[in-house]
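**Student:** What follows is the file upload17.csv, containing CSV, C-alpha atoms:
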```
chain,number,residue,atom,x,y,z
D,1,MET,CA,-5.3,-17.0,2.4
D,2,GLN,CA,-2.9,-17.9,5.2
D,3,HIS,CA,-1.9,-15.3,7.7
D,4,SER,CA,-0.9,-15.1,11.3
D,5,PRO,CA,-3.8,-15.0,13.8
D,6,GLY,CA,-4.2,-11.5,15.1
D,7,SER,CA,-1.8,-10.0,12.6
D,8,PRO,CA,-3.1,-8.5,9.3
D,9,LEU,CA,-1.3,-9.6,6.2
D,10,LEU,CA,-0.9,-5.9,5.1
D,11,THR,CA,-0.8,-2.5,6.7
D,12,ILE,CA,-1.7,0.4,4.4
D,13,GLY,CA,-0.1,3.6,5.7
D,14,ILE,CA,-1.5,7.0,4.7
D,15,PRO,CA,0.4,10.1,5.8
D,16,THR,CA,-1.8,13.1,5.6
D,17,TRP,CA,-2.0,16.9,6.2
D,18,ASN,CA,-5.0,19.1,5.7
D,19,ARG,CA,-6.6,17.1,3.0
D,20,SER,CA,-9.6,15.5,4.6
D,21,ALA,CA,-11.7,15.2,1.4
D,22,MET,CA,-9.0,13.6,-0.6
D,23,LEU,CA,-8.0,11.4,2.4
D,24,ARG,CA,-11.6,10.2,2.6
D,25,SER,CA,-11.5,9.1,-1.1
D,26,MET,CA,-8.2,7.3,-0.5
D,27,ILE,CA,-9.5,5.4,2.5
D,28,LEU,CA,-12.8,4.5,0.8
D,29,SER,CA,-10.9,3.2,-2.3
D,30,VAL,CA,-9.4,0.6,0.0
D,31,THR,CA,-12.3,-0.2,2.3
D,32,HIS,CA,-14.8,-0.7,-0.6
D,33,GLN,CA,-12.5,-3.3,-2.2
D,34,ALA,CA,-11.8,-5.0,1.2
D,35,GLU,CA,-15.6,-5.3,1.9
D,36,THR,CA,-16.5,-6.4,-1.7
D,37,ASP,CA,-13.7,-9.1,-1.8
D,38,GLY,CA,-14.3,-10.2,1.8
D,39,VAL,CA,-10.8,-9.5,3.0
D,40,THR,CA,-11.4,-7.0,5.8
D,41,ASP,CA,-9.6,-9.2,8.3
D,42,LEU,CA,-6.4,-9.3,6.2
D,43,ILE,CA,-5.6,-5.6,6.2
D,44,GLU,CA,-5.4,-2.5,8.4
D,45,ILE,CA,-5.2,1.2,7.6
D,46,VAL,CA,-2.9,3.5,9.6
D,47,VAL,CA,-3.4,7.2,9.2
D,48,SER,CA,-0.7,9.5,10.4
D,49,ASP,CA,-2.0,13.1,10.7
D,50,ASN,CA,0.8,15.7,10.5
D,51,ASP,CA,-1.0,18.1,12.8
D,52,SER,CA,-3.8,19.0,10.5
D,53,THR,CA,-6.0,22.0,11.3
D,54,ASP,CA,-9.0,20.8,9.2
D,55,ASP,CA,-11.6,18.2,10.1
D,56,THR,CA,-9.3,15.2,9.3
D,57,GLN,CA,-9.7,13.5,12.7
D,58,ALA,CA,-13.5,13.7,12.7
D,59,MET,CA,-13.7,12.6,9.1
D,60,VAL,CA,-11.6,9.5,9.8
D,61,LYS,CA,-13.7,8.5,12.8
D,62,SER,CA,-16.9,8.9,10.8
D,63,ILE,CA,-16.0,6.2,8.3
D,64,ALA,CA,-18.1,3.1,9.1
D,65,THR,CA,-16.2,-0.1,8.0
D,66,PRO,CA,-15.1,-3.4,9.4
D,67,VAL,CA,-11.6,-2.6,8.2
D,68,PRO,CA,-9.5,-1.6,11.2
D,69,ILE,CA,-8.5,2.0,10.9
D,70,ARG,CA,-6.0,3.4,13.4
D,71,TYR,CA,-5.6,7.2,13.5
D,72,SER,CA,-2.5,8.9,15.0
D,73,LYS,CA,-2.0,12.7,15.2
D,74,ASN,CA,1.4,14.3,15.6
D,75,SER,CA,1.6,17.1,18.2
D,76,GLU,CA,3.5,19.2,15.6
D,77,ASN,CA,4.2,19.0,11.9
D,78,VAL,CA,7.3,16.7,11.6
D,79,GLY,CA,7.8,17.0,7.8
D,80,ALA,CA,6.5,14.8,5.1
D,81,ILE,CA,9.2,12.1,5.3
D,82,LYS,CA,9.0,11.5,9.0
D,83,ASN,CA,5.3,11.3,8.7
D,84,VAL,CA,5.5,8.6,6.0
D,85,LEU,CA,7.8,6.6,8.3
D,86,LYS,CA,5.5,7.1,11.2
D,87,THR,CA,3.0,4.8,9.4
D,88,LEU,CA,5.7,2.1,9.2
D,89,SER,CA,6.5,2.4,12.9
D,90,LEU,CA,2.8,2.0,13.8
D,91,ALA,CA,2.3,-0.9,11.4
D,92,GLU,CA,1.1,-4.2,12.9
D,93,GLY,CA,0.7,-6.1,9.6
D,94,GLN,CA,3.1,-8.6,8.2
D,95,HIS,CA,3.8,-6.2,5.3
D,96,TRP,CA,3.7,-2.5,4.8
D,97,MET,CA,2.9,-0.1,2.0
D,98,PHE,CA,1.9,3.5,1.9
D,99,TYR,CA,-0.1,5.8,-0.3
D,100,GLY,CA,-0.3,9.6,-0.5
D,101,ASP,CA,-3.4,11.1,0.8
D,102,ASP,CA,-4.2,12.4,-2.7
D,103,ASP,CA,-3.8,8.9,-4.2
D,104,GLU,CA,-6.4,6.2,-4.6
D,105,MET,CA,-6.0,2.4,-4.7
D,106,ALA,CA,-6.7,1.2,-8.3
D,107,ASP,CA,-9.8,-0.8,-8.8
D,108,GLY,CA,-9.2,-4.5,-8.2
D,109,ALA,CA,-5.7,-4.0,-6.8
D,110,LEU,CA,-6.2,-5.0,-3.2
D,111,LEU,CA,-7.1,-8.7,-3.8
D,112,GLN,CA,-4.2,-9.0,-6.3
D,113,ILE,CA,-1.8,-7.5,-3.8
D,114,LEU,CA,-2.9,-9.9,-1.1
D,115,GLN,CA,-2.7,-12.9,-3.4
D,116,LEU,CA,0.9,-11.9,-4.3
D,117,LEU,CA,1.9,-11.6,-0.6
D,118,ASN,CA,0.3,-14.9,0.2
D,119,ASN,CA,1.7,-16.8,-2.8
D,120,HIS,CA,5.3,-15.4,-2.4
D,121,SER,CA,5.6,-15.2,1.3
D,122,ASP,CA,9.4,-15.7,1.2
D,123,ARG,CA,9.9,-12.4,-0.7
D,124,SER,CA,10.9,-9.3,1.2
D,125,VAL,CA,9.8,-6.7,-1.4
D,126,PHE,CA,7.1,-6.5,-4.1
D,127,LEU,CA,7.3,-3.9,-6.9
D,128,PHE,CA,4.2,-3.1,-9.0
D,129,GLU,CA,3.4,-1.6,-12.4
D,130,LEU,CA,6.4,-3.2,-14.1
D,131,PRO,CA,6.4,-4.9,-17.5
D,132,GLU,CA,6.4,-8.5,-16.3
D,133,ALA,CA,6.3,-10.8,-13.2
D,134,ALA,CA,9.8,-11.8,-12.2
D,135,ASP,CA,12.1,-12.6,-9.3
D,136,LEU,CA,15.1,-10.3,-8.9
D,137,THR,CA,18.2,-9.9,-6.8
D,138,ALA,CA,18.8,-6.7,-5.0
D,139,GLU,CA,21.5,-5.6,-7.5
D,140,GLU,CA,19.1,-6.4,-10.5
D,141,THR,CA,16.5,-4.3,-8.8
D,142,ALA,CA,18.9,-1.4,-8.2
D,143,SER,CA,20.1,-1.4,-11.8
D,144,GLN,CA,16.6,-1.5,-13.3
D,145,TYR,CA,14.2,0.1,-10.8
D,146,PHE,CA,16.2,2.1,-8.2
D,147,TYR,CA,14.0,5.2,-8.7
D,148,ARG,CA,10.7,3.3,-8.7
D,149,MET,CA,11.4,1.5,-5.4
D,150,GLY,CA,10.2,4.2,-3.0
D,151,ASN,CA,7.2,5.6,-4.9
D,152,ALA,CA,3.9,5.7,-3.0
D,153,GLY,CA,1.5,2.8,-3.8
D,154,ARG,CA,4.0,1.0,-6.0
D,155,PHE,CA,5.9,-1.2,-3.5
D,156,VAL,CA,5.3,-3.4,-0.5
D,157,VAL,CA,8.0,-4.4,2.0
D,158,LYS,CA,8.0,-6.9,4.9
D,159,THR,CA,7.3,-5.0,8.1
D,160,GLY,CA,9.7,-6.9,10.4
D,161,PRO,CA,13.0,-6.2,8.6
D,162,ALA,CA,11.8,-2.8,7.5
D,163,LYS,CA,11.2,-1.7,11.1
D,164,LYS,CA,14.6,-3.2,12.1
D,165,ALA,CA,16.2,-1.1,9.4
D,166,LEU,CA,14.3,2.0,10.4
D,167,ASN,CA,15.4,1.6,14.1
D,168,GLU,CA,19.1,0.9,13.2
D,169,MET,CA,19.6,3.8,10.8
D,170,GLY,CA,20.9,7.1,11.9
D,171,GLU,CA,19.9,10.7,11.1
D,172,GLU,CA,21.2,10.4,7.5
D,173,LEU,CA,18.1,8.5,6.7
D,174,PHE,CA,16.2,11.8,6.8
D,175,HIS,CA,18.6,13.7,4.6
D,176,THR,CA,17.1,12.4,1.4
D,177,CYS,CA,13.5,12.1,0.2
D,178,TRP,CA,13.9,8.3,-0.3
D,179,PRO,CA,14.4,6.8,3.1
D,180,GLN,CA,11.8,4.2,2.3
D,181,THR,CA,14.0,3.1,-0.6
D,182,GLN,CA,16.9,2.6,1.8
D,183,ILE,CA,14.7,0.7,4.2
D,184,ALA,CA,13.4,-1.6,1.4
D,185,PHE,CA,16.9,-2.5,0.2
D,186,CYS,CA,18.0,-3.2,3.7
D,187,ALA,CA,15.0,-5.6,4.1
D,188,MET,CA,16.2,-7.4,0.9
D,189,GLN,CA,19.7,-7.7,2.4
D,190,ALA,CA,18.2,-9.4,5.5
D,191,ASN,CA,16.5,-12.1,3.4
D,192,PRO,CA,18.7,-15.2,2.9
D,193,ILE,CA,17.2,-16.1,-0.5
D,194,SER,CA,19.1,-14.9,-3.6
D,195,LYS,CA,16.1,-13.2,-5.3
D,196,PRO,CA,14.1,-11.5,-2.5
D,197,VAL,CA,12.2,-9.1,-4.9
D,198,ARG,CA,9.0,-10.0,-6.8
D,199,THR,CA,7.8,-7.7,-9.6
D,200,SER,CA,4.3,-7.6,-11.0
D,201,PRO,CA,2.5,-5.7,-13.8
D,202,LEU,CA,-0.5,-5.0,-11.6
D,203,LEU,CA,-1.7,-1.4,-11.4
D,204,ALA,CA,-1.9,-0.6,-7.7
D,205,THR,CA,-2.4,3.2,-7.5
D,206,VAL,CA,-4.0,6.0,-9.4
D,207,SER,CA,-3.3,9.7,-8.7
D,208,PRO,CA,-6.2,11.8,-9.9
D,209,HIS,CA,-5.3,14.9,-7.9
D,210,HIS,CA,-1.6,15.4,-8.3
D,211,HIS,CA,-1.7,18.1,-10.9
D,212,GLU,CA,-4.5,19.9,-9.0
D,213,ASN,CA,-2.6,20.4,-5.8
D,214,THR,CA,1.1,20.0,-6.4
D,215,ILE,CA,3.6,22.5,-7.8
D,216,TYR,CA,6.7,20.9,-9.2
D,217,THR,CA,9.9,22.9,-9.8
D,218,GLY,CA,13.2,22.2,-11.6
D,219,TRP,CA,14.8,21.9,-8.1
D,220,TYR,CA,12.3,19.3,-7.0
D,221,LEU,CA,12.8,17.2,-10.2
D,222,TRP,CA,16.6,17.3,-9.7
D,223,GLU,CA,16.3,16.5,-6.0
D,224,THR,CA,14.0,13.6,-6.3
D,225,ASN,CA,15.1,12.1,-9.6
D,226,PHE,CA,18.8,12.6,-9.1
D,227,ASN,CA,20.4,14.1,-6.0
D,228,SER,CA,18.5,12.2,-3.3
D,229,LEU,CA,18.8,9.0,-5.3
D,230,TYR,CA,22.6,9.4,-5.4
D,231,LYS,CA,22.6,10.1,-1.6
D,232,THR,CA,20.5,7.0,-1.0
D,233,ALA,CA,22.8,4.8,-3.1
D,234,LYS,CA,25.8,6.2,-1.1
D,235,ASN,CA,24.0,5.5,2.2
D,236,LEU,CA,23.4,1.9,1.1
D,237,LYS,CA,27.0,1.3,-0.1
D,238,GLN,CA,28.3,0.1,3.3
D,239,THR,CA,25.4,-2.2,3.9
D,240,MET,CA,24.9,-3.6,0.4
D,241,GLY,CA,28.4,-3.5,-1.0
D,242,GLY,CA,30.3,-1.9,-3.9
D,243,ASN,CA,28.7,-4.0,-6.6
D,244,PHE,CA,25.2,-2.9,-5.5
D,245,PHE,CA,26.4,0.7,-5.4
D,246,HIS,CA,27.6,0.6,-9.0
D,247,ALA,CA,24.4,-1.1,-10.0
D,248,ALA,CA,22.4,1.7,-8.5
D,249,LEU,CA,24.6,4.3,-10.2
D,250,SER,CA,24.2,2.6,-13.5
D,251,HIS,CA,20.5,3.3,-13.2
D,252,ILE,CA,20.8,6.9,-11.9
D,253,PHE,CA,23.3,7.8,-14.6
D,254,SER,CA,21.9,5.8,-17.5
D,255,ARG,CA,21.7,7.9,-20.6
D,256,PRO,CA,18.0,7.7,-21.3
D,257,ARG,CA,17.2,8.6,-17.7
D,258,LEU,CA,19.8,11.4,-17.5
D,259,ILE,CA,18.4,13.0,-20.7
D,260,PHE,CA,14.8,12.7,-19.5
D,261,VAL,CA,15.6,14.4,-16.1
D,262,LEU,CA,17.8,17.1,-17.7
D,263,LYS,CA,15.1,17.8,-20.3
D,264,HIS,CA,12.4,18.4,-17.7
D,265,VAL,CA,14.7,20.5,-15.4
D,266,TYR,CA,15.7,22.7,-18.3
D,267,LEU,CA,12.0,23.0,-19.4
D,268,HIS,CA,10.9,24.0,-15.9
D,269,THR,CA,13.7,26.6,-15.4
D,270,THR,CA,12.9,28.0,-18.8
D,271,PHE,CA,9.1,28.4,-18.6
D,272,PHE,CA,7.7,27.6,-15.2
D,273,ASP,CA,10.0,28.4,-12.3
D,274,THR,CA,10.3,31.7,-10.5
D,275,SER,CA,13.6,33.4,-10.0
D,276,GLY,CA,13.6,32.1,-6.4
D,277,ASP,CA,13.1,28.5,-7.6
D,278,ILE,CA,16.1,28.9,-10.0
D,279,GLN,CA,18.3,30.4,-7.3
D,280,LYS,CA,17.5,27.5,-5.1
D,281,LEU,CA,18.5,25.1,-7.8
D,282,LYS,CA,21.7,27.1,-8.5
D,283,PHE,CA,22.7,27.0,-4.8
D,284,GLU,CA,22.1,23.4,-4.1
D,285,THR,CA,23.4,22.0,-7.4
D,286,ARG,CA,26.6,24.0,-6.8
D,287,LEU,CA,27.0,22.5,-3.4
D,288,SER,CA,26.3,19.0,-4.7
D,289,ILE,CA,29.3,19.1,-7.1
D,290,ASN,CA,31.8,19.3,-4.1
D,291,ASN,CA,33.6,16.1,-3.0
D,292,LYS,CA,32.3,14.0,-6.0
D,293,PRO,CA,34.4,11.8,-8.2
D,294,LEU,CA,35.2,13.7,-11.4
D,295,LEU,CA,32.7,11.8,-13.6
D,296,HIS,CA,29.9,12.2,-11.1
D,297,ALA,CA,30.7,15.9,-10.7
D,298,VAL,CA,30.3,16.3,-14.4
D,299,TYR,CA,26.8,14.9,-14.3
D,300,PHE,CA,25.8,17.2,-11.4
D,301,THR,CA,27.3,20.2,-13.3
D,302,LEU,CA,24.9,19.6,-16.1
D,303,PHE,CA,22.1,20.5,-13.8
D,304,TRP,CA,24.0,23.5,-12.4
D,305,PHE,CA,24.2,24.9,-15.9
D,306,ALA,CA,20.4,24.8,-16.1
D,307,SER,CA,20.3,27.3,-13.2
D,308,ILE,CA,22.9,29.7,-14.6
D,309,MET,CA,22.0,29.8,-18.3
D,310,PRO,CA,19.9,32.9,-19.1
D,311,LYS,CA,16.3,32.2,-19.9
D,312,PRO,CA,16.4,34.0,-23.3
D,313,LEU,CA,19.2,31.7,-24.4
D,314,LYS,CA,17.4,28.6,-23.1
D,315,LYS,CA,14.3,29.6,-25.0
D,316,ILE,CA,16.2,30.1,-28.2
D,317,LEU,CA,17.8,26.7,-27.9
D,318,PHE,CA,14.4,25.1,-27.0
D,319,TYR,CA,12.5,26.6,-29.9
D,320,THR,CA,15.3,25.6,-32.3
D,321,LEU,CA,15.5,22.0,-31.1
D,322,LEU,CA,11.8,21.7,-30.9
D,323,HIS,CA,11.3,22.6,-34.6
D,324,ILE,CA,14.2,20.3,-35.6
D,325,VAL,CA,13.2,17.3,-33.6
D,326,TYR,CA,9.4,17.6,-33.5
D,327,PRO,CA,8.5,19.8,-36.5
D,328,LEU,CA,5.0,18.5,-36.8
D,329,LYS,CA,4.2,18.6,-33.1
D,330,ALA,CA,5.9,21.9,-32.3
D,331,GLY,CA,2.6,23.9,-32.3
D,332,LYS,CA,0.8,21.5,-30.0
D,333,ILE,CA,3.8,21.3,-27.6
D,334,LEU,CA,4.0,25.1,-27.4
D,335,GLU,CA,0.2,25.3,-26.7
D,336,GLU,CA,0.6,22.7,-23.9
D,337,ILE,CA,3.4,24.8,-22.3
D,338,LYS,CA,1.2,27.9,-22.4
D,339,THR,CA,-1.6,26.0,-20.7
D,340,LYS,CA,0.7,24.6,-18.1
D,341,ARG,CA,2.1,28.1,-17.3
D,342,ILE,CA,-1.5,29.3,-16.7
D,343,GLN,CA,-2.2,26.3,-14.4
D,344,ILE,CA,1.0,26.8,-12.4
D,345,SER,CA,0.3,30.5,-12.0
D,346,ASP,CA,-3.2,29.7,-10.7
D,347,LEU,CA,-1.7,27.1,-8.3
D,348,ARG,CA,0.9,29.6,-7.0
D,349,GLU,CA,-2.0,32.0,-6.2
D,350,ARG,CA,-4.0,29.3,-4.5
D,351,ILE,CA,-1.1,28.1,-2.4
D,352,LYS,CA,-1.2,31.3,-0.5
D,353,HIS,CA,-4.6,30.4,0.9
D,354,ASN,CA,-4.8,26.6,0.7
D,355,LYS,CA,-2.6,24.4,2.9
D,356,ALA,CA,-3.6,21.3,0.9
D,357,ILE,CA,-1.5,22.4,-2.0
D,358,LYS,CA,2.2,21.3,-1.7
D,359,MET,CA,5.0,23.6,-2.8
D,360,TYR,CA,8.0,21.3,-2.8
D,361,GLU,CA,10.8,22.8,-0.8
D,362,SER,CA,13.6,21.4,1.4
D,363,SER,CA,11.3,21.8,4.5
D,364,ALA,CA,8.9,19.3,2.9
D,365,PHE,CA,11.5,16.5,3.4
```
Would you mind writing the file's structure down as C-alpha cells?
**Tutor:**
Amino acid sequence: MQHSPGSPLLTIGIPTWNRSAMLRSMILSVTHQAETDGVTDLIEIVVSDNDSTDDTQAMVKSIATPVPIRYSKNSENVGAIKNVLKTLSLAEGQHWMFYGDDDEMADGALLQILQLLNNHSDRSVFLFELPEAADLTAEETASQYFYRMGNAGRFVVKTGPAKKALNEMGEELFHTCWPQTQIAFCAMQANPISKPVRTSPLLATVSPHHHENTIYTGWYLWETNFNSLYKTAKNLKQTMGGNFFHAALSHIFSRPRLIFVLKHVYLHTTFFDTSGDIQKLKFETRLSINNKPLLHAVYFTLFWFASIMPKPLKKILFYTLLHIVYPLKAGKILEEIKTKRIQISDLRERIKHNKAIKMYESSAF
C-alpha cells in the first residue's frame, strides 16, 4: 500500500475514562490484526485519557507492540465530546477514526479499512456497515445516513480537512453530541470531487460491553437521535447550503425514523426512566420547541408529550397496542421488558460505586 513516508495511513483514536480493562481489549483488537496482517507501520493509536483515576496509564504503557501508541492524559475531565476531538487534534495519520473504549475492532476489519483508504485516496469520508459499496455526494449522504455519520468505529475522515474544520469552528461545535458529524461534512465540502464519500458493507466495530456499563434514558435517545442531529444540521446550513439542510432534515424527520425514535422514548419513559429522567426530558423538550418553524415544532412536541403523559395512561396504551399489533409476541416482549427493568435497576445501583458505568446526562457532552 502507498502512504506518505513518516505519516501513518490511519490514526485510530480512543478516548477513555476509568476503563483500563476494556481499553486494553480495544487496543489489542487493533494491534493483533496489525501484527498478523503486517501493517504495523500503516497505523497509529492515540489514547486520550480523560483524567482517569485507575491504572489506565500503566496499562497502556505495558502493552508491547510495534504499533505506535501515543498516550495523552488531560489534567482534568473535559467531558466526553472534547475528549473524542482531542484524539483528532493529536492525530498524525492521513486519516482519522475513533472507537469507544468499550468497543473492539471487528475481526478482519483493519486490513479492509486500509485497503479502502488506499484504493480510494481521493475520498474524504468513508462510511461502514452499509448495504453496499457506493460513491455519494454530501447531500445524498445526509439524506440517507446523517445519523450514522458520527458513530464510533463506523466512519473514517481525512485528517487534514477534519483538523481545519475543528480549528475554524466556534463553541457551537460543542453544544451537540455530534461535532464529529459536523467536521466530517465540512471535510466533504472541502473536497473538489462531486462524490467525496465512499460507503462499504464491511463490519468495522463490535460493542460487546455497551449494555453492561451504559444506562440509556428517554432523554438520551431524544437528544442523540433527534435534538442534537437537528442542531448539527442547522450548524452546517451556512457552510453546506439550503439543499443540504433540507436533505438532512428529510432524514431526521423521515416517518420510519421518527416512529422508531418516538417508540423507544415512550417505552423508556413508561417502563425504565426515573422521575428525574422524565423531568429532564420534559424541561429540555419544552425548551426545544421555542423558535422552531411550525412543522418542526410539531415534531418536537411529540417528544414533549412523552414526558407529560401519565405513566398509567402510557401503560394502558402500550398494552393495548402490543396485543393488537403483536398478539403472538406480546408475552415474550413483556418478559423482555421485565428483564431489562431488572438489568437497569442493577446498573443504577452499580453506578453509585463504579465510574466506568456511563449515565448519560448533559454533562457527558
**Student:** By how many Å are atom CA of D:Ala187 and atom CA of D:Met240 apart?
**Tutor:**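 According to the coordinates, atom CA of D:Ala187 and atom CA of D:Met240 are separated by 10.8 Å.
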**Student:** Between atom CA of D:Gln189 and atom CA of D:Leu117, what distance in Å does the model show, to one decimal?
**Tutor:**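 Separation of atom CA of D:Gln189 and atom CA of D:Leu117: 18.5 Å.
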**Student:** Can you pull out every residue within 8 Å of D:Leu281, counting only C-alpha atoms, but drop anything in the same chain fewer than 3 positions away, and send it as a PyMOL selection string?
**Tutor:** chain D and resi 218-219+277-278+284-285+304+307
**Student:** So how far away is atom CA of D:Gly153 from atom CA of D:Gly100, in Å?
**Tutor:** 7.8 Å
**Student:** Please provide as an NGL selection string all residues within 12 Å of D:Phe128, with the sequence filter that same-chain residues fewer than 4 positions apart are discarded (counting only C-alpha atoms).
**Tutor:** :D and (97 or 106 or 109 or 112-113 or 116 or 132-134 or 145 or 148-157 or 197-205)
**Student:** Show me as a short mmCIF file (atom, residue, chain, number, x, y, z; two decimals) with C-alpha atoms, keeping the file's coordinate frame the residues that reach within 9 Å of (-1.3, 13.1, 8.6), counting all atoms listed in the file and using the file's own coordinates.
**Tutor:**
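Written out: result13.cif:
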```cif
data_model
loop_
_atom_site.label_atom_id
_atom_site.label_comp_id
_atom_site.auth_asym_id
_atom_site.auth_seq_id
_atom_site.Cartn_x
_atom_site.Cartn_y
_atom_site.Cartn_z
CA ILE D 14 -1.50 7.00 4.70
CA PRO D 15 0.40 10.10 5.80
CA THR D 16 -1.80 13.10 5.60
CA TRP D 17 -2.00 16.90 6.20
CA ASN D 18 -5.00 19.10 5.70
CA ARG D 19 -6.60 17.10 3.00
CA VAL D 47 -3.40 7.20 9.20
CA SER D 48 -0.70 9.50 10.40
CA ASP D 49 -2.00 13.10 10.70
CA ASN D 50 0.80 15.70 10.50
CA ASP D 51 -1.00 18.10 12.80
CA SER D 52 -3.80 19.00 10.50
CA THR D 56 -9.30 15.20 9.30
CA TYR D 71 -5.60 7.20 13.50
CA SER D 72 -2.50 8.90 15.00
CA LYS D 73 -2.00 12.70 15.20
CA ASN D 74 1.40 14.30 15.60
CA ASN D 77 4.20 19.00 11.90
CA ALA D 80 6.50 14.80 5.10
CA ASN D 83 5.30 11.30 8.70
CA VAL D 84 5.50 8.60 6.00
CA ASP D 101 -3.40 11.10 0.80
#
```
**Student:** Counting only C-alpha atoms, what is within 10 Å of D:Met309, bar same-chain residues fewer than 5 positions away, as a list in words?
**Tutor:**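 The residues satisfying every condition are Tyr266, Thr269, Thr270, Trp304 and Lys314 of chain D.
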**Student:** Just checking: using all atoms listed in the file, which residue out of D:Phe318, D:Ile183, D:Glu44, D:Gly108 ends up closest to D:Leu166?
**Tutor:**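 Looking at the shortest contact to D:Leu166, the residue is D:Ile183.
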**Student:** Out of D:Leu295, D:Leu334, D:Val325, D:Val67, which residue has the shortest atom-to-atom distance to D:Thr36 when counting only C-alpha atoms?
**Tutor:**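 The answer is D:Val67, which sits nearest to D:Thr36.
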**Student:** So, counting only C-alpha atoms, which residue among D:Gly276, D:Pro66, D:Met169, D:Leu221 is closest to D:Thr239?
**Tutor:**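 Nearest to D:Thr239: D:Met169.
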**Student:** For D:Phe260, which residue out of D:Phe174, D:Asn225, D:Asn291, D:His246 is the nearest one, using all atoms listed in the file?
**Tutor:**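 Selected residue with least distance to D:Phe260: D:Asn225.
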**Student:** Between D:Ser89, D:Thr137, D:Ser207, D:Asn213, single out the one closest to D:Ala162, counting all atoms listed in the file.
**Tutor:**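 Smallest separation from D:Ala162 among the options: D:Ser89.
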**Student:** Mind checking which residues fall within 8 Å of D:Thr159, counting only C-alpha atoms, ignoring those fewer than 3 positions away in the same chain, and posting them as a PyMOL selection string?
**Tutor:** chain D and resi 88+91-96+162-163
